[in-house]
Amino acid sequence: MDHYNVTGMSCAACSAAVEKAVKGVPGVTECAVSLLTNSMGVEGSADPVAVVAAVQKAGYGASLRGDAKTDTAKADLLKDTETPKLIRRLTVSAGLLLLLMYVSMGHVMWGWPLPRFFEGNPLAVGLTQLLLSAAVLLVNKKFFVSGAGSLLHGAPNMDTLVAMGSGVSFLWSVYVLFRMTRAAADGAPDLHAMLHGLYFESAAMILTLITVGKLLEARAKGKTTDALKNLMALSPQTATLLKNGEEITVPASEVRVGDLFILRPGESVPADGVVTEGESAVNEAALTGESVPAEKSPGSRVSAATVNQSGFLTCRATRVGEDTTLSQIIRTVSDAAASKAPIAKIADRVSGVFVPVVLGIALLSFAVWLLSGRAFSYALERGIAVLVISCPCALGLATPVAITVGSGMGAKHGILFKTAESLEQAGKADTVVLDKTGTVTKGEPAVTDLLPADGVDADTLLRFAAAAEKKSEHPLGAAVVKKAEAAGIPLPEAVDFRAASGRGLFAVVEGKRIYAGNRTYLSQQAEIPASALQQAETLSAAGKTPLFFASDGRFLGLIAVADVIREDSAAAIRQLRALGLRTMMLTGDNERTAAAIGKEAGVDEVIAGVLPDGKADVIKKLQKQGKVMMVGDGVNDAPALTLAEIGVAVGAGTDVAIDAADVVLVNSSLSDVAAAVRLSRRTIRNIRENLFWAFFYNVIGIPLAAGLWIPVFGWELPPMFGAAAMSLSSFCVVTNALRLNLFDLRDPGHDRPLRADKRKKAAGRRLSDDARTMTIRVEGMMCPHCEARVRQALEALPEVEAAVPDFNTGNVALTLNAPVKNKRLRSAVKAAGYKM
């Protein structure tokens, strides 16, 4: 996506005109214009020169945004340069307006004293008003330049309304002043009465009050990007490199991959890296929102902009510049702020026709009152009031300000929404599908039970088992080796190592023939006691994998290995359920293990035995029932993450999963899924409030200004009050969005279902409810590869919706979408090389 700076926009009608112009450029596939940041994101193959030309043809300025080399330079792009200009304009305008009001209303209406020169000289009073009013118009010429330009390009905007309201008041007053000169020439006895027909103060007041609103709006808009500016300000400026044993201080931008840098207590990390020496605690709150410092030791990762708190660390840079975690977070938040949420399309459609419709209503009001017999000046006042009270700004700001504050709040707490759409969709999901390994669980198998046979001590079992497994590449074997090393058990050398794929292994350790593997494999090498088989069944039922070991035909014992559940998984799933979400765990593991983990985690449903390419199929089925959020961390989760309405990747996951996801959890904490849902719902609620008030304001204000209620209630709105109301409308919308900064997204105290009956309906309908289920027994399955072959053979039958084999029990759970004959099942199993 190419990013552009856009100048000259003042309201939603402006951004709509720019979008329309750019979308007409050949090669542009998508365009999102942000009124909040005066920026534009363009996707496609269009030439930037053509894009800039299209914006200029629409009456606005544009330039391709260059890549800032540092995050500090990027922060300068967000600096509020508009507020100081508006303060100067307002100061001059207000000073001139006060003089004008004194001359016009103070003297004419209340008889306040004026210099003797003006006594009995109403023409001088009128000319003074003309000069003061013209000065205010000159100071605020931007409204006229922008308004006239957009009108000439066929896309009138808010400035057009303001310029017409103020300009018509001024021109009418000039006309009345010329009539006064004619009357003076004709010897009219009293010209003072004609001073009441001048509207110079209205022309100046309209511009001044609109400038007040613009100033309040600019200051509030500046605060909406505070989170992004704060992130950019975190970038460290210098780094201390270690070269040839000497310490060299250089700008952080000069750190290169592979450089060694040192960190003393209190110093910021200049780049992402890995600790090579030392131990310390590092405060990572700036990136993750986690206030508790993370302990670091050799091998630990550190991220740029985090702060070393206690010890002395030596680190090697792995990612620098634009590749650091901080820069990626900044880029993600910036892109989200520049994109548009689907809910914004409502305001966009209205904004595209808003100003022409208002011009039509103003003209109609003027004509109706004139035809009804009212004076020309009265009819003109009604038309001007309609022009100045109408506010497309509030419509244009309703969505982007809330999106910017919401995505900034998420980034502050380690939750990155890549687009405005992902921020909106996260709160609409009704089903959360959780990958098991690395998401619900830690993803690292660990030894949970040591059960030596009679006459064998636990250390002996662990020593022989670890020595044999040391040459194995299997993760379960690695867990056994890790356990032995942690216990400080010296491991003898294994020789003559052989692996029996999918079943186990053989090795000679200290002259003894050691066998390790599953029950089927070990039962061929040694007699397994009935008590051990019973223990294995109990372990399997608890979701653990029992590994059998034997030595020279003698059974040594069992070692149970399991992928342990994360500490916060159960609490996080309870929070998701409290939010009204149906929770499901999706895994390729066998049904028994998955069921045990699912029960411990507290999910509503478990779908086990799913191959990587089958996860996307499960998501498709679930999407028929509602909106799905998929949470995962691995390469095999990427298709499902992409397919789901909202894909969430834990930060510790692979780059592929993170790239495929819509939301990234920097903390790798499952509880942040609930926090993301809360933040999404609160942001969308805020947007709806903003849109309601923006529409409500115009729906109520325009008829009032047009004089619709004068015959009924006698309600009349002078143009000056209309201008004041318009100036406050945008300020109120932006201020409402800033309330999001007060929202505690980790507080589950107010969690409620999105719709009271939705979760109840979804939870009551499991996948198996749509089809018949049955279980068959298959002989000959001895490993996960066997399970995969049986599953593939059975699911090839059109009647079989899903097959979930378990090689430990020999059972296969079938979900059918139509009746099937046993003969067809038996043939499919036989073709795969097994017996039903």
# chains A, B, ... in the order shown; residues from 1 in each chain; ligands from 1
call {"tool": "residues_around", "arguments": {"residues": "Thr181 (chain A)", "least_positions_apart": "3", "cutoff": "12 Å", "atoms": "only C-alpha atoms", "output": "JSON, numbers by chain"}}
result
{"A": [121, 122, 123, 124, 126, 127, 174, 175, 176, 177, 178, 184, 185, 186, 187, 188, 190, 191, 194, 195]}
call {"tool": "residues_around", "arguments": {"residues": "Lys544 (chain A)", "least_positions_apart": "4", "cutoff": "8 Å", "atoms": "only C-alpha atoms", "output": "number ranges by chain"}}
result
A: 539-540, 560-563, 593
call {"tool": "select_by_dssp", "arguments": {"residues": "region 248-463 of chain A", "states": "strand (DSSP E)", "output": "ChimeraX atom specification"}}
result
/A:248-251,260-263,272-277,280-283,294-296,301-302,307-308,313-319,415-417,431-435,441-452
call {"tool": "residues_around", "arguments": {"residues": "Asp552 (chain A)", "least_positions_apart": "5", "cutoff": "12 Å", "atoms": "only C-alpha atoms", "output": "PyMOL selection string"}}
result
chain A and resi 464+506-516+522+525-527
call {"tool": "write_last_selection", "arguments": {"atoms": "all heavy atoms", "output": "compact mmCIF listing (two decimals), in the first residue's frame"}}
result
# COMPACT_ATOMS: atom_id res chain seq x y z
N PHE A 464 18.32 -44.43 31.51
CA PHE A 464 18.33 -45.25 30.30
C PHE A 464 17.40 -44.68 29.23
O PHE A 464 17.73 -44.68 28.04
CB PHE A 464 17.93 -46.70 30.63
CG PHE A 464 19.05 -47.51 31.22
CD1 PHE A 464 19.03 -47.89 32.55
CD2 PHE A 464 20.15 -47.88 30.44
CE1 PHE A 464 20.07 -48.63 33.10
CE2 PHE A 464 21.18 -48.63 30.98
CZ PHE A 464 21.15 -49.01 32.31
N PHE A 506 15.22 -48.14 19.09
CA PHE A 506 16.10 -49.12 19.73
C PHE A 506 17.48 -48.48 19.83
O PHE A 506 17.94 -47.79 18.93
CB PHE A 506 16.16 -50.41 18.90
CG PHE A 506 17.32 -51.31 19.27
CD1 PHE A 506 17.21 -52.16 20.36
CD2 PHE A 506 18.51 -51.29 18.55
CE1 PHE A 506 18.27 -52.98 20.71
CE2 PHE A 506 19.57 -52.11 18.90
CZ PHE A 506 19.46 -52.97 19.99
N ALA A 507 18.19 -48.76 20.94
CA ALA A 507 19.56 -48.29 21.11
C ALA A 507 20.25 -49.17 22.14
O ALA A 507 19.59 -49.79 23.00
CB ALA A 507 19.58 -46.83 21.54
N VAL A 508 21.56 -49.23 22.05
CA VAL A 508 22.35 -49.97 23.04
C VAL A 508 22.99 -48.96 23.98
O VAL A 508 23.73 -48.07 23.55
CB VAL A 508 23.42 -50.84 22.36
CG1 VAL A 508 24.28 -51.55 23.41
CG2 VAL A 508 22.78 -51.86 21.43
N VAL A 509 22.69 -49.09 25.28
CA VAL A 509 23.21 -48.18 26.29
C VAL A 509 23.89 -49.01 27.38
O VAL A 509 23.26 -49.89 27.99
CB VAL A 509 22.08 -47.33 26.92
CG1 VAL A 509 22.65 -46.41 27.99
CG2 VAL A 509 21.35 -46.53 25.85
N GLU A 510 25.20 -48.76 27.56
CA GLU A 510 26.00 -49.51 28.55
C GLU A 510 25.84 -51.02 28.35
O GLU A 510 25.70 -51.80 29.30
CB GLU A 510 25.59 -49.13 29.98
CG GLU A 510 25.92 -47.68 30.32
CD GLU A 510 25.55 -47.33 31.75
OE1 GLU A 510 24.76 -48.07 32.37
OE2 GLU A 510 26.06 -46.30 32.26
N GLY A 511 25.83 -51.43 27.09
CA GLY A 511 25.75 -52.85 26.76
C GLY A 511 24.35 -53.43 26.83
O GLY A 511 24.15 -54.61 26.50
N LYS A 512 23.37 -52.64 27.25
CA LYS A 512 22.00 -53.14 27.35
C LYS A 512 21.19 -52.67 26.14
O LYS A 512 21.33 -51.54 25.69
CB LYS A 512 21.34 -52.64 28.64
CG LYS A 512 22.02 -53.13 29.92
CD LYS A 512 21.30 -52.58 31.15
CE LYS A 512 21.98 -53.03 32.44
NZ LYS A 512 21.89 -54.49 32.63
N ARG A 513 20.33 -53.58 25.66
CA ARG A 513 19.46 -53.24 24.54
C ARG A 513 18.22 -52.54 25.09
O ARG A 513 17.43 -53.15 25.81
CB ARG A 513 19.06 -54.50 23.76
CG ARG A 513 20.24 -55.14 23.02
CD ARG A 513 19.84 -56.46 22.41
NE ARG A 513 19.43 -57.42 23.45
CZ ARG A 513 18.78 -58.55 23.21
NH1 ARG A 513 18.45 -58.86 21.97
NH2 ARG A 513 18.46 -59.37 24.19
N ILE A 514 18.08 -51.25 24.75
CA ILE A 514 16.99 -50.44 25.27
C ILE A 514 15.94 -50.24 24.16
O ILE A 514 16.28 -49.85 23.04
CB ILE A 514 17.49 -49.06 25.75
CG1 ILE A 514 18.60 -49.22 26.79
CG2 ILE A 514 16.32 -48.23 26.32
CD1 ILE A 514 18.17 -49.95 28.06
N TYR A 515 14.69 -50.52 24.53
CA TYR A 515 13.57 -50.32 23.60
C TYR A 515 12.66 -49.22 24.18
O TYR A 515 12.40 -49.21 25.39
CB TYR A 515 12.76 -51.60 23.40
CG TYR A 515 13.55 -52.71 22.77
CD1 TYR A 515 14.29 -53.61 23.56
CD2 TYR A 515 13.57 -52.87 21.38
CE1 TYR A 515 15.02 -54.63 22.98
CE2 TYR A 515 14.31 -53.90 20.80
CZ TYR A 515 15.03 -54.77 21.60
OH TYR A 515 15.75 -55.79 21.03
N ALA A 516 12.17 -48.33 23.31
CA ALA A 516 11.26 -47.27 23.75
C ALA A 516 10.21 -47.07 22.67
O ALA A 516 10.51 -47.15 21.48
CB ALA A 516 12.02 -45.97 23.98
N LEU A 522 6.34 -52.04 22.23
CA LEU A 522 7.00 -52.60 23.42
C LEU A 522 6.48 -53.98 23.79
O LEU A 522 7.21 -54.80 24.34
CB LEU A 522 6.84 -51.64 24.60
CG LEU A 522 8.06 -50.76 24.92
CD1 LEU A 522 9.21 -51.61 25.48
CD2 LEU A 522 8.54 -49.99 23.69
N GLN A 525 8.58 -56.63 22.57
CA GLN A 525 9.95 -56.72 23.09
C GLN A 525 10.00 -57.23 24.53
O GLN A 525 11.02 -57.76 24.96
CB GLN A 525 10.62 -55.34 23.04
CG GLN A 525 10.41 -54.56 21.75
CD GLN A 525 10.92 -55.30 20.52
OE1 GLN A 525 11.86 -56.11 20.60
NE2 GLN A 525 10.29 -55.07 19.38
N ALA A 526 8.91 -57.03 25.27
CA ALA A 526 8.91 -57.45 26.68
C ALA A 526 7.47 -57.62 27.14
O ALA A 526 6.53 -57.11 26.52
CB ALA A 526 9.62 -56.40 27.55
N GLU A 527 7.31 -58.37 28.20
CA GLU A 527 5.98 -58.57 28.76
C GLU A 527 5.65 -57.36 29.64
O GLU A 527 6.38 -57.02 30.58
CB GLU A 527 5.93 -59.85 29.59
CG GLU A 527 4.53 -60.15 30.13
CD GLU A 527 4.48 -61.45 30.91
OE1 GLU A 527 5.47 -62.22 30.88
OE2 GLU A 527 3.47 -61.67 31.58
call {"tool": "residues_around", "arguments": {"residues": "region 253-264 of chain A", "least_positions_apart": "4", "cutoff": "7 Å", "atoms": "only C-alpha atoms", "output": "PyMOL selection string"}}
result
chain A and resi 239-242+308+311-321
call {"tool": "write_last_selection", "arguments": {"atoms": "N, CA and C atoms", "output": "short mmCIF file (atom, residue, chain, number, x, y, z; two decimals), in the first residue's frame"}}
result
data_model
loop_
_atom_site.label_atom_id
_atom_site.label_comp_id
_atom_site.auth_asym_id
_atom_site.auth_seq_id
_atom_site.Cartn_x
_atom_site.Cartn_y
_atom_site.Cartn_z
N ALA A 239 22.89 3.81 20.91
CA ALA A 239 23.20 2.43 21.30
C ALA A 239 24.69 2.34 21.64
N THR A 240 25.01 1.47 22.60
CA THR A 240 26.41 1.25 22.95
C THR A 240 26.84 -0.09 22.38
N LEU A 241 27.66 -0.05 21.32
CA LEU A 241 28.12 -1.27 20.65
C LEU A 241 29.43 -1.75 21.26
N LEU A 242 29.64 -3.05 21.16
CA LEU A 242 30.88 -3.66 21.65
C LEU A 242 31.64 -4.16 20.43
N ASN A 308 16.03 -1.98 30.25
CA ASN A 308 16.77 -2.85 31.17
C ASN A 308 16.71 -2.25 32.57
N GLY A 311 20.26 -5.79 35.84
CA GLY A 311 21.60 -6.32 35.56
C GLY A 311 22.25 -5.72 34.33
N PHE A 312 23.45 -6.26 34.02
CA PHE A 312 24.23 -5.85 32.85
C PHE A 312 24.07 -6.93 31.79
N LEU A 313 23.65 -6.54 30.59
CA LEU A 313 23.40 -7.50 29.53
C LEU A 313 24.24 -7.21 28.29
N THR A 314 24.68 -8.29 27.66
CA THR A 314 25.29 -8.19 26.33
C THR A 314 24.36 -8.91 25.37
N CYS A 315 24.00 -8.25 24.28
CA CYS A 315 23.03 -8.82 23.35
C CYS A 315 23.54 -8.72 21.92
N ARG A 316 23.03 -9.63 21.07
CA ARG A 316 23.36 -9.59 19.64
C ARG A 316 22.11 -9.17 18.87
N ALA A 317 22.24 -8.14 18.03
CA ALA A 317 21.10 -7.60 17.29
C ALA A 317 20.61 -8.60 16.24
N THR A 318 19.31 -8.83 16.22
CA THR A 318 18.72 -9.75 15.23
C THR A 318 17.80 -9.02 14.25
N ARG A 319 17.17 -7.94 14.72
CA ARG A 319 16.31 -7.14 13.84
C ARG A 319 16.51 -5.67 14.16
N VAL A 320 16.72 -4.87 13.12
CA VAL A 320 17.01 -3.45 13.33
C VAL A 320 16.11 -2.59 12.44
N GLY A 321 16.08 -1.30 12.74
CA GLY A 321 15.35 -0.35 11.90
C GLY A 321 13.88 -0.69 11.76
#
call {"tool": "select_by_dssp", "arguments": {"residues": "region 486-527 of chain A", "states": "alpha helix (DSSP H)", "output": "JSON, numbers by chain"}}
result
{"A": [486, 519, 520, 521, 522, 523]}
call {"tool": "write_last_selection", "arguments": {"atoms": "C-alpha atoms", "output": "short mmCIF file (atom, residue, chain, number, x, y, z; two decimals), in the first residue's frame"}}
result
data_model
loop_
_atom_site.label_atom_id
_atom_site.label_comp_id
_atom_site.auth_asym_id
_atom_site.auth_seq_id
_atom_site.Cartn_x
_atom_site.Cartn_y
_atom_site.Cartn_z
CA ALA A 486 17.18 -30.81 34.73
CA ARG A 519 2.36 -50.11 23.72
CA THR A 520 2.18 -52.18 20.52
CA TYR A 521 5.90 -51.88 19.83
CA LEU A 522 7.00 -52.60 23.42
CA SER A 523 4.66 -55.55 23.82
#
call {"tool": "closest_atom_pairs", "arguments": {"of": "region 692-726 of chain A", "to": "region 366-371 of chain A", "cutoff": "12 Å", "atoms": "only C-alpha atoms", "output": "JSON lines"}}
result
{"residue": "A:Ala705", "atom": "CA", "partner": "A:Phe366", "partner_atom": "CA", "distance": 11.1}
{"residue": "A:Ala706", "atom": "CA", "partner": "A:Phe366", "partner_atom": "CA", "distance": 8.2}
{"residue": "A:Gly707", "atom": "CA", "partner": "A:Trp369", "partner_atom": "CA", "distance": 8.7}
{"residue": "A:Leu708", "atom": "CA", "partner": "A:Trp369", "partner_atom": "CA", "distance": 10.3}
{"residue": "A:Ile710", "atom": "CA", "partner": "A:Trp369", "partner_atom": "CA", "distance": 11.1}
{"residue": "A:Pro711", "atom": "CA", "partner": "A:Trp369", "partner_atom": "CA", "distance": 11.5}
call {"tool": "closest_residue", "arguments": {"among": "A:Pro445, A:Pro270, A:Gly749, A:Gly543", "to": "Asn808 (chain A)", "atoms": "only C-alpha atoms"}}
result
A:Gly543
call {"tool": "residues_around", "arguments": {"residues": "Leu215 (chain A)", "least_positions_apart": "3", "cutoff": "9 Å", "atoms": "only C-alpha atoms", "output": "ChimeraX atom specification"}}
result
/A:82-84,86-87,90,210-212,218-220,731
call {"tool": "closest_residue", "arguments": {"among": "A:Met40, A:Leu423, A:Val357, A:Ala499", "to": "Thr399 (chain A)", "atoms": "only C-alpha atoms"}}
result
A:Leu423
call {"tool": "residues_around", "arguments": {"residues": "Val22 (chain A)", "least_positions_apart": "5", "cutoff": "12 Å", "atoms": "only C-alpha atoms", "output": "ChimeraX atom specification"}}
result
/A:4,6,15-17,27-33,40-44,46-58,60,62
call {"tool": "atom_distance", "arguments": {"atom1": "CA of Ala640 (chain A)", "atom2": "CA of Val628 (chain A)"}}
result
10.1 Å
call {"tool": "residues_around", "arguments": {"residues": "region 663-673 of chain A", "least_positions_apart": "5", "cutoff": "10 Å", "atoms": "only C-alpha atoms", "output": "MDAnalysis selection string"}}
result
chainID A and resid 284 287:290 325 329 332 410:411 413:419 422:423 426 432 434 438:441 566:576 629 631 633 641 646:653 657:658 678:679 745:746
call {"tool": "closest_residue", "arguments": {"among": "A:Ser146, A:Asn590, A:Asn822, A:Gln535", "to": "Arg777 (chain A)", "atoms": "only C-alpha atoms"}}
result
A:Asn822
call {"tool": "closest_residue", "arguments": {"among": "A:Ser104, A:Gln237, A:Asn140, A:Asn5", "to": "Glu201 (chain A)", "atoms": "only C-alpha atoms"}}
result
A:Ser104
call {"tool": "decode", "arguments": {"residues": "region 445-470 of chain A", "atoms": "N, CA, C and O atoms", "output": "PDB file, in the first residue's frame"}}
result
ATOM      1  N   PRO A 445       6.150 -30.168  24.957  1.00  0.00           N
ATOM      2  CA  PRO A 445       5.895 -31.370  25.751  1.00  0.00           C
ATOM      3  C   PRO A 445       6.821 -31.428  26.967  1.00  0.00           C
ATOM      4  O   PRO A 445       8.002 -31.066  26.889  1.00  0.00           O
ATOM      5  N   ALA A 446       6.283 -31.866  28.080  1.00  0.00           N
ATOM      6  CA  ALA A 446       7.066 -31.988  29.310  1.00  0.00           C
ATOM      7  C   ALA A 446       6.702 -33.282  30.012  1.00  0.00           C
ATOM      8  O   ALA A 446       5.575 -33.773  29.901  1.00  0.00           O
ATOM      9  N   VAL A 447       7.672 -33.850  30.729  1.00  0.00           N
ATOM     10  CA  VAL A 447       7.427 -35.084  31.483  1.00  0.00           C
ATOM     11  C   VAL A 447       6.535 -34.747  32.683  1.00  0.00           C
ATOM     12  O   VAL A 447       6.830 -33.843  33.458  1.00  0.00           O
ATOM     13  N   THR A 448       5.449 -35.514  32.804  1.00  0.00           N
ATOM     14  CA  THR A 448       4.514 -35.275  33.913  1.00  0.00           C
ATOM     15  C   THR A 448       4.536 -36.399  34.945  1.00  0.00           C
ATOM     16  O   THR A 448       4.258 -36.169  36.116  1.00  0.00           O
ATOM     17  N   ASP A 449       4.855 -37.636  34.508  1.00  0.00           N
ATOM     18  CA  ASP A 449       4.834 -38.785  35.426  1.00  0.00           C
ATOM     19  C   ASP A 449       5.990 -39.730  35.117  1.00  0.00           C
ATOM     20  O   ASP A 449       6.291 -40.008  33.944  1.00  0.00           O
ATOM     21  N   LEU A 450       6.647 -40.223  36.195  1.00  0.00           N
ATOM     22  CA  LEU A 450       7.662 -41.276  36.090  1.00  0.00           C
ATOM     23  C   LEU A 450       7.132 -42.488  36.862  1.00  0.00           C
ATOM     24  O   LEU A 450       6.942 -42.423  38.072  1.00  0.00           O
ATOM     25  N   LEU A 451       6.883 -43.596  36.141  1.00  0.00           N
ATOM     26  CA  LEU A 451       6.298 -44.778  36.781  1.00  0.00           C
ATOM     27  C   LEU A 451       7.197 -45.987  36.515  1.00  0.00           C
ATOM     28  O   LEU A 451       6.966 -46.772  35.590  1.00  0.00           O
ATOM     29  N   PRO A 452       8.258 -46.158  37.328  1.00  0.00           N
ATOM     30  CA  PRO A 452       9.170 -47.294  37.113  1.00  0.00           C
ATOM     31  C   PRO A 452       8.502 -48.617  37.480  1.00  0.00           C
ATOM     32  O   PRO A 452       7.590 -48.667  38.307  1.00  0.00           O
ATOM     33  N   ALA A 453       8.965 -49.702  36.846  1.00  0.00           N
ATOM     34  CA  ALA A 453       8.452 -51.046  37.157  1.00  0.00           C
ATOM     35  C   ALA A 453       8.999 -51.497  38.508  1.00  0.00           C
ATOM     36  O   ALA A 453       9.925 -50.868  39.064  1.00  0.00           O
ATOM     37  N   ASP A 454       8.442 -52.552  39.027  1.00  0.00           N
ATOM     38  CA  ASP A 454       8.919 -53.099  40.304  1.00  0.00           C
ATOM     39  C   ASP A 454      10.401 -53.437  40.199  1.00  0.00           C
ATOM     40  O   ASP A 454      10.849 -54.072  39.235  1.00  0.00           O
ATOM     41  N   GLY A 455      11.150 -53.016  41.196  1.00  0.00           N
ATOM     42  CA  GLY A 455      12.577 -53.319  41.221  1.00  0.00           C
ATOM     43  C   GLY A 455      13.424 -52.340  40.445  1.00  0.00           C
ATOM     44  O   GLY A 455      14.646 -52.527  40.339  1.00  0.00           O
ATOM     45  N   VAL A 456      12.812 -51.320  39.872  1.00  0.00           N
ATOM     46  CA  VAL A 456      13.554 -50.313  39.106  1.00  0.00           C
ATOM     47  C   VAL A 456      13.296 -48.956  39.755  1.00  0.00           C
ATOM     48  O   VAL A 456      12.149 -48.586  40.002  1.00  0.00           O
ATOM     49  N   ASP A 457      14.367 -48.198  40.049  1.00  0.00           N
ATOM     50  CA  ASP A 457      14.155 -46.869  40.646  1.00  0.00           C
ATOM     51  C   ASP A 457      13.964 -45.837  39.537  1.00  0.00           C
ATOM     52  O   ASP A 457      14.346 -46.050  38.380  1.00  0.00           O
ATOM     53  N   ALA A 458      13.394 -44.694  39.913  1.00  0.00           N
ATOM     54  CA  ALA A 458      13.029 -43.662  38.939  1.00  0.00           C
ATOM     55  C   ALA A 458      14.238 -43.106  38.199  1.00  0.00           C
ATOM     56  O   ALA A 458      14.178 -42.849  36.980  1.00  0.00           O
ATOM     57  N   ASP A 459      15.375 -42.922  38.885  1.00  0.00           N
ATOM     58  CA  ASP A 459      16.563 -42.379  38.225  1.00  0.00           C
ATOM     59  C   ASP A 459      17.102 -43.322  37.163  1.00  0.00           C
ATOM     60  O   ASP A 459      17.568 -42.895  36.101  1.00  0.00           O
ATOM     61  N   THR A 460      17.049 -44.619  37.472  1.00  0.00           N
ATOM     62  CA  THR A 460      17.530 -45.623  36.499  1.00  0.00           C
ATOM     63  C   THR A 460      16.661 -45.589  35.249  1.00  0.00           C
ATOM     64  O   THR A 460      17.160 -45.616  34.110  1.00  0.00           O
ATOM     65  N   LEU A 461      15.350 -45.570  35.455  1.00  0.00           N
ATOM     66  CA  LEU A 461      14.433 -45.508  34.317  1.00  0.00           C
ATOM     67  C   LEU A 461      14.717 -44.256  33.483  1.00  0.00           C
ATOM     68  O   LEU A 461      14.844 -44.329  32.253  1.00  0.00           O
ATOM     69  N   LEU A 462      14.866 -43.104  34.147  1.00  0.00           N
ATOM     70  CA  LEU A 462      15.070 -41.848  33.435  1.00  0.00           C
ATOM     71  C   LEU A 462      16.430 -41.813  32.739  1.00  0.00           C
ATOM     72  O   LEU A 462      16.559 -41.307  31.622  1.00  0.00           O
ATOM     73  N   ARG A 463      17.457 -42.412  33.361  1.00  0.00           N
ATOM     74  CA  ARG A 463      18.802 -42.396  32.772  1.00  0.00           C
ATOM     75  C   ARG A 463      18.844 -43.199  31.470  1.00  0.00           C
ATOM     76  O   ARG A 463      19.326 -42.712  30.446  1.00  0.00           O
ATOM     77  N   PHE A 464      18.319 -44.431  31.513  1.00  0.00           N
ATOM     78  CA  PHE A 464      18.328 -45.251  30.302  1.00  0.00           C
ATOM     79  C   PHE A 464      17.400 -44.677  29.232  1.00  0.00           C
ATOM     80  O   PHE A 464      17.727 -44.676  28.037  1.00  0.00           O
ATOM     81  N   ALA A 465      16.240 -44.185  29.654  1.00  0.00           N
ATOM     82  CA  ALA A 465      15.278 -43.641  28.699  1.00  0.00           C
ATOM     83  C   ALA A 465      15.842 -42.403  27.994  1.00  0.00           C
ATOM     84  O   ALA A 465      15.769 -42.287  26.765  1.00  0.00           O
ATOM     85  N   ALA A 466      16.436 -41.495  28.764  1.00  0.00           N
ATOM     86  CA  ALA A 466      16.978 -40.268  28.184  1.00  0.00           C
ATOM     87  C   ALA A 466      18.176 -40.549  27.293  1.00  0.00           C
ATOM     88  O   ALA A 466      18.352 -39.913  26.241  1.00  0.00           O
ATOM     89  N   ALA A 467      19.019 -41.503  27.701  1.00  0.00           N
ATOM     90  CA  ALA A 467      20.187 -41.843  26.887  1.00  0.00           C
ATOM     91  C   ALA A 467      19.752 -42.381  25.527  1.00  0.00           C
ATOM     92  O   ALA A 467      20.335 -42.037  24.489  1.00  0.00           O
ATOM     93  N   ALA A 468      18.713 -43.236  25.524  1.00  0.00           N
ATOM     94  CA  ALA A 468      18.217 -43.790  24.260  1.00  0.00           C
ATOM     95  C   ALA A 468      17.526 -42.714  23.411  1.00  0.00           C
ATOM     96  O   ALA A 468      17.651 -42.684  22.186  1.00  0.00           O
ATOM     97  N   GLU A 469      16.789 -41.829  24.068  1.00  0.00           N
ATOM     98  CA  GLU A 469      16.017 -40.821  23.343  1.00  0.00           C
ATOM     99  C   GLU A 469      16.878 -39.654  22.860  1.00  0.00           C
ATOM    100  O   GLU A 469      16.436 -38.855  22.039  1.00  0.00           O
ATOM    101  N   LYS A 470      18.113 -39.545  23.370  1.00  0.00           N
ATOM    102  CA  LYS A 470      18.930 -38.373  23.061  1.00  0.00           C
ATOM    103  C   LYS A 470      19.208 -38.242  21.568  1.00  0.00           C
ATOM    104  O   LYS A 470      19.319 -37.132  21.036  1.00  0.00           O
TER     105      LYS A 470
END
